[in-house]
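With TSV, C-alpha atoms and all ligand atoms inside, this is query-v1.tsv:
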```
chain	number	residue	atom	x	y	z
A	16	MET	CA	-200.33	64.44	55.58
A	17	ARG	CA	-202.02	61.02	55.37
A	18	LYS	CA	-199.96	57.85	55.18
A	19	ILE	CA	-201.19	54.57	53.68
A	20	THR	CA	-198.98	51.50	53.52
A	21	LEU	CA	-199.21	48.92	50.77
A	22	GLN	CA	-197.54	45.56	51.41
A	23	THR	CA	-197.53	42.96	48.65
A	24	PRO	CA	-195.51	39.74	48.36
A	25	SER	CA	-193.11	41.56	46.03
A	26	MET	CA	-192.56	44.86	47.84
A	27	ALA	CA	-193.66	47.26	50.58
A	28	GLY	CA	-194.54	50.80	49.58
A	29	THR	CA	-195.96	53.90	51.23
A	30	ILE	CA	-198.42	56.42	49.86
A	31	TYR	CA	-198.41	59.94	51.29
A	32	ILE	CA	-201.32	62.29	50.59
A	33	GLY	CA	-201.31	66.00	51.36
A	34	ASN	CA	-199.95	69.33	50.20
A	35	ASP	CA	-197.01	68.84	52.55
A	36	ALA	CA	-196.16	65.35	51.21
A	37	ILE	CA	-193.52	66.49	48.73
A	38	ALA	CA	-191.64	68.88	51.02
A	39	ALA	CA	-191.70	66.24	53.74
A	40	ARG	CA	-190.45	63.33	51.64
A	41	LEU	CA	-188.47	64.52	48.59
A	42	PRO	CA	-185.32	65.88	50.26
A	43	SER	CA	-184.48	62.55	51.89
A	44	LEU	CA	-185.48	60.53	48.81
A	45	THR	CA	-183.23	62.52	46.50
A	46	ALA	CA	-180.18	62.79	48.76
A	47	GLY	CA	-177.04	60.72	48.40
A	48	GLN	CA	-177.28	59.22	44.91
A	49	LYS	CA	-177.76	59.97	41.23
A	50	ASN	CA	-181.42	60.08	40.29
A	51	PHE	CA	-183.56	60.40	37.19
A	52	VAL	CA	-186.72	62.43	36.68
A	53	LEU	CA	-189.31	61.73	34.03
A	54	THR	CA	-192.11	64.13	33.19
A	55	ASP	CA	-194.06	65.29	30.14
A	56	SER	CA	-193.93	68.49	28.12
A	57	ASN	CA	-197.13	70.00	29.58
A	58	VAL	CA	-196.18	69.35	33.18
A	59	TYR	CA	-192.67	70.66	32.62
A	60	ALA	CA	-193.99	73.86	31.00
A	61	LEU	CA	-196.23	74.50	34.02
A	62	TYR	CA	-193.81	73.47	36.76
A	63	ALA	CA	-190.28	74.31	35.51
A	64	ASP	CA	-189.48	76.20	38.74
A	65	TRP	CA	-190.80	73.35	40.85
A	66	PHE	CA	-188.39	70.97	39.08
A	67	LYS	CA	-185.50	73.39	39.67
A	68	THR	CA	-186.36	73.55	43.38
A	69	TYR	CA	-186.75	69.84	44.04
A	70	PHE	CA	-184.46	68.32	41.42
A	71	PRO	CA	-181.43	70.58	40.98
A	72	ASN	CA	-178.64	68.88	39.02
A	73	THR	CA	-180.76	65.82	38.32
A	74	GLU	CA	-181.03	64.18	34.88
A	75	LEU	CA	-184.46	65.14	33.52
A	76	PHE	CA	-186.28	63.52	30.61
A	77	VAL	CA	-189.25	65.41	29.17
A	78	LEU	CA	-191.54	63.13	27.18
A	79	PRO	CA	-193.87	64.77	24.64
A	80	ALA	CA	-197.34	64.76	26.26
A	81	GLY	CA	-199.99	62.26	25.24
A	82	GLU	CA	-200.92	58.57	25.08
A	83	THR	CA	-199.31	58.13	21.64
A	84	HIS	CA	-195.92	58.54	23.34
A	85	LYS	CA	-196.55	55.67	25.75
A	86	ASN	CA	-194.73	53.33	23.41
A	87	PHE	CA	-191.64	51.21	22.99
A	88	HIS	CA	-189.71	53.91	21.20
A	89	SER	CA	-190.08	56.33	24.16
A	90	LEU	CA	-189.21	53.53	26.57
A	91	TYR	CA	-186.02	52.84	24.62
A	92	GLU	CA	-185.07	56.53	24.69
A	93	ILE	CA	-185.67	56.76	28.43
A	94	LEU	CA	-183.58	53.66	29.15
A	95	GLU	CA	-180.81	54.94	26.90
A	96	LYS	CA	-180.78	58.26	28.79
A	97	MET	CA	-180.72	56.44	32.13
A	98	THR	CA	-177.71	54.43	30.99
A	99	GLN	CA	-175.90	57.52	29.68
A	100	ALA	CA	-176.58	59.29	32.99
A	101	GLY	CA	-174.71	56.50	34.75
A	102	LEU	CA	-177.51	55.59	37.15
A	103	ARG	CA	-176.65	52.89	39.69
A	104	ARG	CA	-178.74	50.24	41.39
A	105	THR	CA	-179.26	52.61	44.30
A	106	SER	CA	-180.60	55.36	42.01
A	107	ARG	CA	-184.26	56.35	42.00
A	108	LEU	CA	-186.57	57.17	39.13
A	109	PHE	CA	-189.13	59.88	39.89
A	110	ALA	CA	-192.17	59.82	37.58
A	111	VAL	CA	-193.83	63.24	37.78
A	112	GLY	CA	-196.98	63.47	35.69
A	113	GLY	CA	-200.19	61.75	34.69
A	114	GLY	CA	-200.83	58.08	34.00
A	115	VAL	CA	-198.76	58.08	30.82
A	116	VAL	CA	-195.58	59.22	32.61
A	117	GLY	CA	-196.34	56.94	35.57
A	118	ASP	CA	-196.87	53.84	33.44
A	119	ILE	CA	-193.81	54.23	31.22
A	120	GLY	CA	-191.62	55.53	34.05
A	121	GLY	CA	-192.59	52.59	36.26
A	122	LEU	CA	-191.68	50.18	33.47
A	123	ALA	CA	-188.32	51.89	32.86
A	124	ALA	CA	-187.56	51.61	36.60
A	125	ALA	CA	-188.54	47.92	36.56
A	126	LEU	CA	-186.22	47.20	33.63
A	127	TYR	CA	-183.13	49.28	34.41
A	128	MET	CA	-180.54	47.00	36.05
A	129	ARG	CA	-183.44	44.59	36.70
A	130	GLY	CA	-185.15	47.14	38.89
A	131	ILE	CA	-184.34	50.40	40.64
A	132	SER	CA	-186.57	52.28	43.10
A	133	CYS	CA	-189.46	54.16	41.59
A	134	VAL	CA	-191.21	57.12	43.22
A	135	GLN	CA	-194.52	58.14	41.68
A	136	ILE	CA	-195.56	61.80	41.90
A	137	PRO	CA	-198.95	61.87	40.17
A	138	THR	CA	-200.17	65.23	38.84
A	139	THR	CA	-203.54	64.34	37.25
A	140	LEU	CA	-206.66	63.32	39.12
A	141	LEU	CA	-206.68	60.01	37.26
A	142	ALA	CA	-203.11	59.27	38.33
A	143	GLN	CA	-203.76	60.36	41.93
A	144	VAL	CA	-206.85	58.18	42.39
A	145	ASP	CA	-205.65	55.18	40.47
A	146	SER	CA	-202.69	54.73	38.16
A	147	SER	CA	-199.85	55.76	40.50
A	148	VAL	CA	-200.87	53.11	43.04
A	149	GLY	CA	-200.64	49.34	42.66
A	150	GLY	CA	-197.59	48.82	40.47
A	151	LYS	CA	-199.07	48.25	37.03
A	152	THR	CA	-196.56	49.60	34.52
A	153	ALA	CA	-196.83	49.35	30.75
A	154	VAL	CA	-196.55	50.69	27.23
A	155	ASP	CA	-198.95	50.19	24.31
A	156	LEU	CA	-197.84	48.20	21.29
A	157	GLY	CA	-199.36	47.29	17.93
A	158	GLY	CA	-202.63	49.05	18.75
A	159	VAL	CA	-203.12	47.07	21.98
A	160	LYS	CA	-203.30	48.96	25.29
A	161	ASN	CA	-200.73	48.17	27.97
A	162	VAL	CA	-199.72	44.93	26.27
A	163	VAL	CA	-196.06	45.13	27.32
A	164	GLY	CA	-195.50	45.77	31.00
A	165	ALA	CA	-194.65	44.52	34.46
A	166	PHE	CA	-196.05	44.54	37.96
A	167	TYR	CA	-193.54	46.71	39.78
A	168	GLN	CA	-194.49	48.52	42.97
A	169	PRO	CA	-193.27	52.08	43.58
A	170	CYS	CA	-191.40	52.45	46.86
A	171	GLU	CA	-193.31	55.67	47.53
A	172	VAL	CA	-196.21	57.57	46.00
A	173	LEU	CA	-196.33	61.26	46.87
A	174	ILE	CA	-199.79	62.70	46.17
A	175	ASP	CA	-200.00	66.48	46.34
A	176	PRO	CA	-203.55	67.63	45.47
A	177	THR	CA	-202.35	71.18	44.71
A	178	PHE	CA	-201.14	69.91	41.31
A	179	LEU	CA	-204.82	69.55	40.42
A	180	ALA	CA	-205.30	73.32	40.47
A	181	THR	CA	-203.74	73.63	36.99
A	182	LEU	CA	-205.58	70.65	35.51
A	183	PRO	CA	-208.05	71.53	32.73
A	184	LYS	CA	-211.67	70.64	33.55
A	185	ARG	CA	-211.68	67.99	30.87
A	186	GLU	CA	-208.80	66.21	32.64
A	187	ILE	CA	-210.70	66.42	35.94
A	188	LYS	CA	-213.53	64.65	34.14
A	189	CYS	CA	-211.07	61.94	33.01
A	190	GLY	CA	-210.16	61.35	36.65
A	191	VAL	CA	-213.85	61.09	37.44
A	192	GLY	CA	-213.93	58.21	34.95
A	193	GLU	CA	-211.81	56.15	37.34
A	194	ILE	CA	-213.56	57.51	40.46
A	195	VAL	CA	-216.92	56.30	39.09
A	196	LYS	CA	-215.32	52.87	38.81
A	197	TYR	CA	-214.49	52.97	42.54
A	198	ALA	CA	-217.99	54.29	43.25
A	199	ALA	CA	-219.44	51.22	41.51
A	200	LEU	CA	-217.47	49.02	43.93
A	201	ASN	CA	-217.56	51.03	47.17
A	202	ALA	CA	-220.71	52.41	48.82
A	203	GLU	CA	-218.90	55.27	50.60
A	204	ILE	CA	-217.30	56.56	47.39
A	205	LEU	CA	-220.63	56.22	45.58
A	206	ARG	CA	-222.32	58.37	48.22
A	207	LEU	CA	-219.56	61.01	48.15
A	208	LEU	CA	-219.63	61.28	44.38
A	209	GLU	CA	-223.42	61.31	44.04
A	210	GLU	CA	-223.59	64.17	46.52
A	211	ARG	CA	-221.00	66.36	44.86
A	212	VAL	CA	-220.03	65.23	41.38
A	213	ASP	CA	-220.59	68.81	40.20
A	214	ALA	CA	-218.28	70.32	42.88
A	215	LEU	CA	-214.98	69.09	41.57
A	216	SER	CA	-213.15	72.39	41.68
A	217	ASP	CA	-213.06	72.07	45.47
A	218	LEU	CA	-209.55	70.76	46.21
A	219	GLU	CA	-210.51	69.66	49.71
A	220	PHE	CA	-213.31	67.49	48.35
A	221	LEU	CA	-211.00	66.09	45.67
A	222	THR	CA	-208.49	65.19	48.38
A	223	THR	CA	-211.19	63.29	50.27
A	224	LEU	CA	-212.07	61.39	47.09
A	225	VAL	CA	-208.41	60.67	46.29
A	226	GLU	CA	-207.81	59.25	49.77
A	227	ALA	CA	-210.95	57.08	49.65
A	228	CYS	CA	-210.03	55.64	46.23
A	229	VAL	CA	-206.40	55.02	47.19
A	230	ARG	CA	-207.46	53.23	50.40
A	231	HIS	CA	-209.84	51.05	48.39
A	232	LYS	CA	-207.19	50.26	45.78
A	233	ALA	CA	-204.45	49.55	48.34
A	234	ARG	CA	-206.71	46.97	50.05
A	235	VAL	CA	-207.49	45.25	46.73
A	236	VAL	CA	-203.85	45.21	45.55
A	237	GLU	CA	-202.65	43.82	48.90
A	238	ALA	CA	-205.13	40.97	48.51
A	239	ASP	CA	-204.34	40.27	44.86
A	240	GLU	CA	-201.29	42.02	43.43
A	241	ARG	CA	-201.19	40.06	40.16
A	242	GLU	CA	-204.85	40.21	39.26
A	243	SER	CA	-205.81	36.60	39.62
A	244	GLY	CA	-209.05	37.42	41.47
A	245	GLU	CA	-210.20	40.51	43.38
A	246	ARG	CA	-208.06	42.97	41.40
A	247	LYS	CA	-210.10	42.16	38.28
A	248	SER	CA	-212.84	44.26	39.88
A	249	LEU	CA	-210.72	47.35	39.10
A	250	ASN	CA	-211.35	46.73	35.41
A	251	VAL	CA	-215.03	47.72	35.62
A	252	GLY	CA	-215.86	49.55	32.36
A	253	HIS	CA	-212.38	48.92	30.98
A	254	THR	CA	-212.83	46.21	28.32
A	255	THR	CA	-215.16	48.38	26.25
A	256	GLY	CA	-213.41	51.51	27.55
A	257	HIS	CA	-210.03	50.43	26.16
A	258	ALA	CA	-211.66	49.53	22.83
A	259	ILE	CA	-213.26	52.99	22.65
A	260	GLU	CA	-209.98	54.66	23.64
A	261	LEU	CA	-208.12	52.93	20.82
A	262	THR	CA	-210.72	53.54	18.15
A	263	SER	CA	-212.12	56.98	18.99
A	264	GLY	CA	-209.17	59.10	20.08
A	265	LEU	CA	-210.97	59.91	23.36
A	266	SER	CA	-208.84	59.98	26.51
A	267	HIS	CA	-208.58	56.98	28.83
A	268	GLY	CA	-210.87	58.45	31.50
A	269	GLU	CA	-213.60	59.55	29.10
A	270	SER	CA	-213.47	56.18	27.35
A	271	VAL	CA	-213.86	54.42	30.70
A	272	LEU	CA	-216.99	56.52	31.37
A	273	TYR	CA	-218.53	55.32	28.09
A	274	GLY	CA	-217.29	51.80	28.82
A	275	MET	CA	-219.06	51.92	32.21
A	276	LEU	CA	-222.24	53.21	30.60
A	277	PHE	CA	-222.41	50.53	27.92
A	278	GLU	CA	-221.17	47.60	30.02
A	279	THR	CA	-223.61	48.45	32.83
A	280	ARG	CA	-226.46	48.44	30.32
A	281	MET	CA	-225.28	45.09	28.94
A	282	ALA	CA	-225.02	43.67	32.48
A	283	ILE	CA	-228.54	44.85	33.37
A	284	ALA	CA	-229.95	43.33	30.16
A	285	ALA	CA	-228.22	40.02	30.93
A	286	GLY	CA	-229.55	40.02	34.50
A	287	VAL	CA	-226.03	40.21	35.96
A	288	CYS	CA	-226.41	43.71	37.43
A	289	GLU	CA	-229.37	44.53	39.66
A	290	CYS	CA	-231.55	46.91	37.67
A	291	ALA	CA	-232.02	49.66	40.30
A	292	TYR	CA	-228.31	49.68	41.18
A	293	GLY	CA	-227.28	49.72	37.53
A	294	GLU	CA	-229.65	52.61	36.76
A	295	ARG	CA	-228.12	54.51	39.70
A	296	LEU	CA	-224.62	54.03	38.26
A	297	ILE	CA	-225.78	55.04	34.79
A	298	ARG	CA	-227.21	58.30	36.17
A	299	LEU	CA	-223.87	59.03	37.84
A	300	VAL	CA	-221.93	58.30	34.63
A	301	GLN	CA	-224.28	60.59	32.70
A	302	ARG	CA	-223.67	63.40	35.20
A	303	ALA	CA	-219.91	62.84	34.87
A	304	LEU	CA	-220.08	62.89	31.06
A	305	ALA	CA	-221.95	66.20	31.25
A	306	LEU	CA	-219.19	67.86	33.31
A	307	THR	CA	-217.67	69.38	30.18
A	308	PRO	CA	-219.37	69.97	26.85
A	309	GLN	CA	-218.23	67.51	24.26
A	310	THR	CA	-219.25	66.28	20.88
A	311	GLU	CA	-220.75	62.82	20.99
A	312	PRO	CA	-218.09	60.39	19.76
A	313	ASP	CA	-218.88	58.53	16.57
A	314	PHE	CA	-220.21	55.17	17.69
A	315	SER	CA	-221.69	54.37	14.26
A	316	GLU	CA	-219.02	51.81	13.43
A	317	ILE	CA	-219.69	49.64	16.41
A	318	GLY	CA	-218.03	46.63	14.75
A	319	LYS	CA	-214.74	48.52	14.94
A	320	HIS	CA	-215.00	48.99	18.72
A	321	ALA	CA	-216.16	45.40	19.23
A	322	LYS	CA	-213.23	44.10	17.21
A	323	LYS	CA	-210.80	46.08	19.37
A	324	ALA	CA	-212.38	44.61	22.50
A	325	ARG	CA	-211.44	41.23	21.07
A	326	SER	CA	-207.72	42.07	21.38
A	327	ASP	CA	-208.09	43.14	25.03
A	328	LYS	CA	-205.56	41.33	27.18
A	329	LYS	CA	-208.24	40.38	29.73
A	330	ASN	CA	-209.79	37.92	27.25
A	331	ALA	CA	-208.92	34.23	27.38
A	332	GLU	CA	-208.45	31.82	24.51
A	333	ASP	CA	-212.11	30.81	24.29
A	334	GLY	CA	-212.83	33.88	22.16
A	335	LYS	CA	-215.22	35.40	24.72
A	336	ILE	CA	-215.11	39.07	25.61
A	337	ARG	CA	-214.50	39.39	29.35
A	338	MET	CA	-215.78	42.26	31.44
A	339	ALA	CA	-215.87	43.10	35.14
A	340	VAL	CA	-219.23	44.60	36.11
A	341	ALA	CA	-220.91	45.82	39.29
A	342	LYS	CA	-223.73	43.53	40.50
A	343	THR	CA	-225.12	45.54	43.37
A	344	GLU	CA	-223.74	47.64	46.24
A	345	GLY	CA	-220.36	46.20	47.24
A	346	GLU	CA	-220.58	43.26	44.82
A	347	TRP	CA	-219.15	42.73	41.37
A	348	ALA	CA	-219.00	39.86	38.90
A	349	GLN	CA	-217.10	38.70	35.89
A	350	PHE	CA	-219.22	38.70	32.80
A	351	ALA	CA	-218.21	37.10	29.50
A	352	LEU	CA	-220.01	37.05	26.17
A	353	PRO	CA	-219.15	35.28	22.92
A	354	PHE	CA	-217.95	37.87	20.40
A	355	ASP	CA	-221.15	37.99	18.29
A	356	GLU	CA	-223.35	38.37	21.38
A	357	TYR	CA	-221.03	41.06	22.72
A	358	LYS	CA	-221.29	42.96	19.46
A	359	THR	CA	-225.11	42.79	19.46
A	360	ALA	CA	-225.31	43.78	23.13
A	361	LEU	CA	-222.93	46.69	22.59
A	362	LEU	CA	-224.94	47.88	19.60
A	363	LYS	CA	-228.10	47.88	21.72
A	364	ALA	CA	-226.36	49.65	24.63
A	365	VAL	CA	-225.10	52.37	22.29
A	366	LYS	CA	-228.53	52.76	20.65
A	367	ASP	CA	-230.04	53.47	24.05
A	368	GLY	CA	-228.09	56.75	23.86
A	369	LYS	CA	-225.87	58.71	26.14
A	401	LIG	P1	-201.93	61.78	30.83
A	401	LIG	O1	-200.78	61.29	31.55
A	401	LIG	O2	-201.86	61.83	29.34
A	401	LIG	O3	-202.31	63.24	31.39
A	401	LIG	C1	-203.40	63.93	30.83
A	401	LIG	C2	-202.98	65.34	30.38
A	401	LIG	O4	-202.84	66.18	31.53
A	401	LIG	C3	-201.65	65.39	29.64
A	401	LIG	O5	-201.79	66.29	28.58
A	401	LIG	C4	-200.69	65.94	30.69
A	401	LIG	O6	-199.62	66.61	30.11
A	401	LIG	C5	-201.58	66.87	31.46
A	401	LIG	N1	-201.21	67.16	32.84
A	401	LIG	C6	-200.66	66.32	33.75
A	401	LIG	N2	-200.61	66.92	34.96
A	401	LIG	C7	-201.08	68.17	34.80
A	401	LIG	C8	-201.29	69.26	35.70
A	401	LIG	N3	-201.05	69.16	37.02
A	401	LIG	N4	-201.79	70.42	35.19
A	401	LIG	C9	-202.11	70.52	33.87
A	401	LIG	N5	-201.97	69.51	32.98
A	401	LIG	C10	-201.46	68.35	33.46
A	401	LIG	O7	-203.25	60.93	31.15
A	401	LIG	P2	-203.93	60.43	32.50
A	401	LIG	O8	-205.37	60.62	32.29
A	401	LIG	O9	-203.28	61.00	33.71
A	401	LIG	O10	-203.57	58.86	32.48
A	401	LIG	C11	-204.03	58.01	31.46
A	401	LIG	C12	-203.05	56.86	31.33
A	401	LIG	O11	-203.02	56.14	32.55
A	401	LIG	C13	-203.43	55.85	30.24
A	401	LIG	O12	-202.28	55.50	29.53
A	401	LIG	C14	-203.94	54.66	31.03
A	401	LIG	O13	-203.76	53.45	30.33
A	401	LIG	C15	-203.10	54.74	32.28
A	401	LIG	N6	-203.68	54.09	33.46
A	401	LIG	C16	-202.88	53.27	34.18
A	401	LIG	C17	-203.37	52.65	35.32
A	401	LIG	C18	-202.47	51.78	36.17
A	401	LIG	O14	-202.95	51.15	37.09
A	401	LIG	N7	-201.18	51.75	35.88
A	401	LIG	C19	-204.69	52.90	35.73
A	401	LIG	C20	-205.48	53.76	34.98
A	401	LIG	C21	-204.96	54.36	33.84
A	402	LIG	N1	-206.22	50.27	37.13
A	402	LIG	C1	-206.54	48.93	37.46
A	402	LIG	C2	-205.53	48.27	38.33
A	402	LIG	O1	-204.59	48.88	38.77
A	402	LIG	O2	-205.64	47.12	38.58
```
Represent the structure of the file as structure tokens.
Ligand code: NAD
Ligand code: GLY
Amino acid sequence: MRKITLQTPSMAGTIYIGNDAIAARLPSLTAGQKNFVLTDSNVYALYADWFKTYFPNTELFVLPAGETHKNFHSLYEILEKMTQAGLRRTSRLFAVGGGVVGDIGGLAAALYMRGISCVQIPTTLLAQVDSSVGGKTAVDLGGVKNVVGAFYQPCEVLIDPTFLATLPKREIKCGVGEIVKYAALNAEILRLLEERVDALSDLEFLTTLVEACVRHKARVVEADERESGERKSLNVGHTTGHAIELTSGLSHGESVLYGMLFETRMAIAAGVCECAYGERLIRLVQRALALTPQTEPDFSEIGKHAKKARSDKKNAEDGKIRMAVAKTEGEWAQFALPFDEYKTALLKAVKDGK
């Protein structure tokens, strides 16, 4: 089992990675107080016995699976159930699932009695490499992604790669969406992924990738928990990615892959990203997109995507669309375009094809 500590001004947390992480940590984390477990319907269907083993007699809330349930209504229901269960300040909330469960569960933990301990147990590749670490919690509202949320660090993150064995290939690809983001920022992850992006059924290799991404993220979050500087780098591909996610119905990870593709092209055209490095990233994104067969999303109404990018919470009041892009190995930059220029650049990037 690997152990990574994450110390921010607000809280200290520990991340454990390994197929022994849960057996080693859960018994002591669950003992001695009332707790609350949140999961989603798919995870519960697959792991009902696992829940019985590790959470006997614990209040369990099963959220219907999917991003559309990451909303205020679900948050209200979860908080109501936590209150009815009589949780105390010493209680813990365990979020067992993908990024949807982790984000809404983290926010419920932050709000209940002004904050109870949260333990993240991520079960998707995306959640293991990214969303369970770093304390961003949120729900979507009014068609805007993650617009209501809080920075609230989990006290522990227990990452067991064996959960990935039941993950459909398309969900593995979604996780690769976030791993490509780390690859754009970290030479070691780029090398690992370029060598073996087609070998993602190998759990040992996935574990190596998960650990490398989590170490990278932990360093960035320690330096800048509240995203006033370095943490913005973790939004590579995300401005356009979020807009695509909200307008196309694609998953978060797949949308981030398209976001990376188009934003990298825009950054090369604007001279912000070094051409050879950008082309290298584009080739990697294209290999990731080809991991599962999929119909090309409808990008014909580009104005619709561009308009959504306008509501992204990373934008400031000057009306510019703000993106984080890779410049060259180990370097990134902020890149902002006025809305009309963004729309034209996006149209060109999409025309250049997948
Ligand atoms: P998800 O939570 O919807 O999970 C994807 C699908 O996989 C769901 O259908 C789920 O039921 C299923 N699933 C989960 N574990 C499984 C398993 N072990 N076996 C089989 N099926 C399983 O989506 P996601 O891709 O994990 O996360 C996306 C969400 O994460 C988005 O809401 C995004 O905004 C958020 N996110 C948050 C952060 C952060 O820093 N907080 C970072 C990146 C993404
Ligand atoms: N997923 C980006 C971040 O945590 O900052």
**Request:** Name the closest residue to ligand LIG 402 (chain A) among the candidates A:Gly334, A:Gly149, A:Gly252, A:Pro71; distances are taken between atoms, counting all atoms listed in the file.
**Result:** A:Gly149
Neighbour list for A:Val111 as a CSV table (one decimal) with C-alpha atoms, in the frame of the given file, cut-off 9 Å, all atoms listed in the file, skip fewer than 6 positions in-chain:
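Listed below is the output, selection25.csv:
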```csv
chain,number,residue,atom,x,y,z
A,52,VAL,CA,-186.7,62.4,36.7
A,53,LEU,CA,-189.3,61.7,34.0
A,54,THR,CA,-192.1,64.1,33.2
A,55,ASP,CA,-194.1,65.3,30.1
A,58,VAL,CA,-196.2,69.4,33.2
A,117,GLY,CA,-196.3,56.9,35.6
A,120,GLY,CA,-191.6,55.5,34.0
A,134,VAL,CA,-191.2,57.1,43.2
A,135,GLN,CA,-194.5,58.1,41.7
A,136,ILE,CA,-195.6,61.8,41.9
A,137,PRO,CA,-199.0,61.9,40.2
A,138,THR,CA,-200.2,65.2,38.8
```
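Closest approach to A:Glu193 among A:Arg103, A:Lys328, A:Lys151, A:His253 is made by A:His253 (distances from only C-alpha atoms).
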**Prompt:** Can you tell me, as a PyMOL selection string, what residues are no more than 10 Å from A:Lys319 when counting all atoms listed in the file, ignoring any on the same chain fewer than 6 positions away?
**Reply:** chain A and resi 258-259+261-263+358
**Request:** One decimal, Å: what's the distance from atom CA of A:Tyr91 over to atom CA of A:Val77, could you say?
**Result:**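 Separating atom CA of A:Tyr91 from atom CA of A:Val77 is a distance of 13.8 Å.
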**Non-local contacts of stretch 171-174 of chain A (8 Å; only C-alpha atoms; under 6 positions in same chain excluded) as a PyMOL selection string** = chain A and resi 28-34+36-37+40+133-138+143+147-148
Any chance you can output those residues with C-alpha atoms as a PDB file, in the coordinates of the input?
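Resulting contents of again12.pdb:
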```
ATOM      1  CA  GLY A  28    -194.540  50.800  49.580  1.00  0.00           C
ATOM      2  CA  THR A  29    -195.960  53.900  51.230  1.00  0.00           C
ATOM      3  CA  ILE A  30    -198.420  56.420  49.860  1.00  0.00           C
ATOM      4  CA  TYR A  31    -198.410  59.940  51.290  1.00  0.00           C
ATOM      5  CA  ILE A  32    -201.320  62.290  50.590  1.00  0.00           C
ATOM      6  CA  GLY A  33    -201.310  66.000  51.360  1.00  0.00           C
ATOM      7  CA  ASN A  34    -199.950  69.330  50.200  1.00  0.00           C
ATOM      8  CA  ALA A  36    -196.160  65.350  51.210  1.00  0.00           C
ATOM      9  CA  ILE A  37    -193.520  66.490  48.730  1.00  0.00           C
ATOM     10  CA  ARG A  40    -190.450  63.330  51.640  1.00  0.00           C
ATOM     11  CA  CYS A 133    -189.460  54.160  41.590  1.00  0.00           C
ATOM     12  CA  VAL A 134    -191.210  57.120  43.220  1.00  0.00           C
ATOM     13  CA  GLN A 135    -194.520  58.140  41.680  1.00  0.00           C
ATOM     14  CA  ILE A 136    -195.560  61.800  41.900  1.00  0.00           C
ATOM     15  CA  PRO A 137    -198.950  61.870  40.170  1.00  0.00           C
ATOM     16  CA  THR A 138    -200.170  65.230  38.840  1.00  0.00           C
ATOM     17  CA  GLN A 143    -203.760  60.360  41.930  1.00  0.00           C
ATOM     18  CA  SER A 147    -199.850  55.760  40.500  1.00  0.00           C
ATOM     19  CA  VAL A 148    -200.870  53.110  43.040  1.00  0.00           C
TER      20      VAL A 148
END
```
**Item:** Atomic separation - atom CA of A:Lys247 relative to atom CA of A:Glu226, Å
**Value:**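 Result for atom CA of A:Glu226 versus atom CA of A:Lys247: 20.7 Å, one decimal.
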**Item:** Contacts with ligand LIG 402 (chain A) at most 6 Å, only C-alpha atoms and all ligand atoms counted, listed as a list in words
**Value:**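 My answer, listing the contacting residues, is Asp145, Ser146, Gly149, Lys151, Arg246, Leu249 and Asn250 of chain A.
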**Prompt:** Residues at most 6 Å from ligand LIG 401 (chain A), using only C-alpha atoms and all ligand atoms? Could they come as a PyMOL selection string?
**Reply:** chain A and resi 55+57-58+80-82+112-116+118+138-139+141-142+145-146+151-152+178-179+181-182+189+267-268
Go ahead and write the residues just picked, C-alpha atoms, as a CSV table (one decimal), in the frame of the given file.
```
chain,number,residue,atom,x,y,z
A,55,ASP,CA,-194.1,65.3,30.1
A,57,ASN,CA,-197.1,70.0,29.6
A,58,VAL,CA,-196.2,69.4,33.2
A,80,ALA,CA,-197.3,64.8,26.3
A,81,GLY,CA,-200.0,62.3,25.2
A,82,GLU,CA,-200.9,58.6,25.1
A,112,GLY,CA,-197.0,63.5,35.7
A,113,GLY,CA,-200.2,61.8,34.7
A,114,GLY,CA,-200.8,58.1,34.0
A,115,VAL,CA,-198.8,58.1,30.8
A,116,VAL,CA,-195.6,59.2,32.6
A,118,ASP,CA,-196.9,53.8,33.4
A,138,THR,CA,-200.2,65.2,38.8
A,139,THR,CA,-203.5,64.3,37.2
A,141,LEU,CA,-206.7,60.0,37.3
A,142,ALA,CA,-203.1,59.3,38.3
A,145,ASP,CA,-205.6,55.2,40.5
A,146,SER,CA,-202.7,54.7,38.2
A,151,LYS,CA,-199.1,48.2,37.0
A,152,THR,CA,-196.6,49.6,34.5
A,178,PHE,CA,-201.1,69.9,41.3
A,179,LEU,CA,-204.8,69.6,40.4
A,181,THR,CA,-203.7,73.6,37.0
A,182,LEU,CA,-205.6,70.6,35.5
A,189,CYS,CA,-211.1,61.9,33.0
A,267,HIS,CA,-208.6,57.0,28.8
A,268,GLY,CA,-210.9,58.4,31.5
```
**Selected residue of minimal separation from A:Gly157 among A:Leu224, A:Phe87, A:Met128, A:Met275, counting only C-alpha atoms** =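 Of all the options, A:Phe87 lies closest to A:Gly157.
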**Item:** Atomic separation - atom CA of A:Leu61 relative to atom CA of A:Ser216, Å
**Value:**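 Separation between atom CA of A:Ser216 and atom CA of A:Leu61: 18.7 Å.
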**Fill in**
From the list A:Leu90, A:Ile297, A:Met16, A:Leu21, the nearest residue to A:Asp239 using only C-alpha atoms is A:Leu21
**Request:** Find the residues around A:Met26 up to 8 Å (all atoms listed in the file counted), leave out those fewer than 3 positions away in its own chain, and share them as an MDAnalysis selection string.
**Result:** chainID A and resid 22:23 168 170
Selected residues written out, C-alpha atoms, as an mmCIF file, in the coordinates of the input:
```cif
data_model
loop_
_atom_site.group_PDB
_atom_site.id
_atom_site.type_symbol
_atom_site.label_atom_id
_atom_site.label_comp_id
_atom_site.auth_asym_id
_atom_site.auth_seq_id
_atom_site.Cartn_x
_atom_site.Cartn_y
_atom_site.Cartn_z
ATOM 1 C CA GLN A 22 -197.540 45.560 51.410
ATOM 2 C CA THR A 23 -197.530 42.960 48.650
ATOM 3 C CA GLN A 168 -194.490 48.520 42.970
ATOM 4 C CA CYS A 170 -191.400 52.450 46.860
#
```
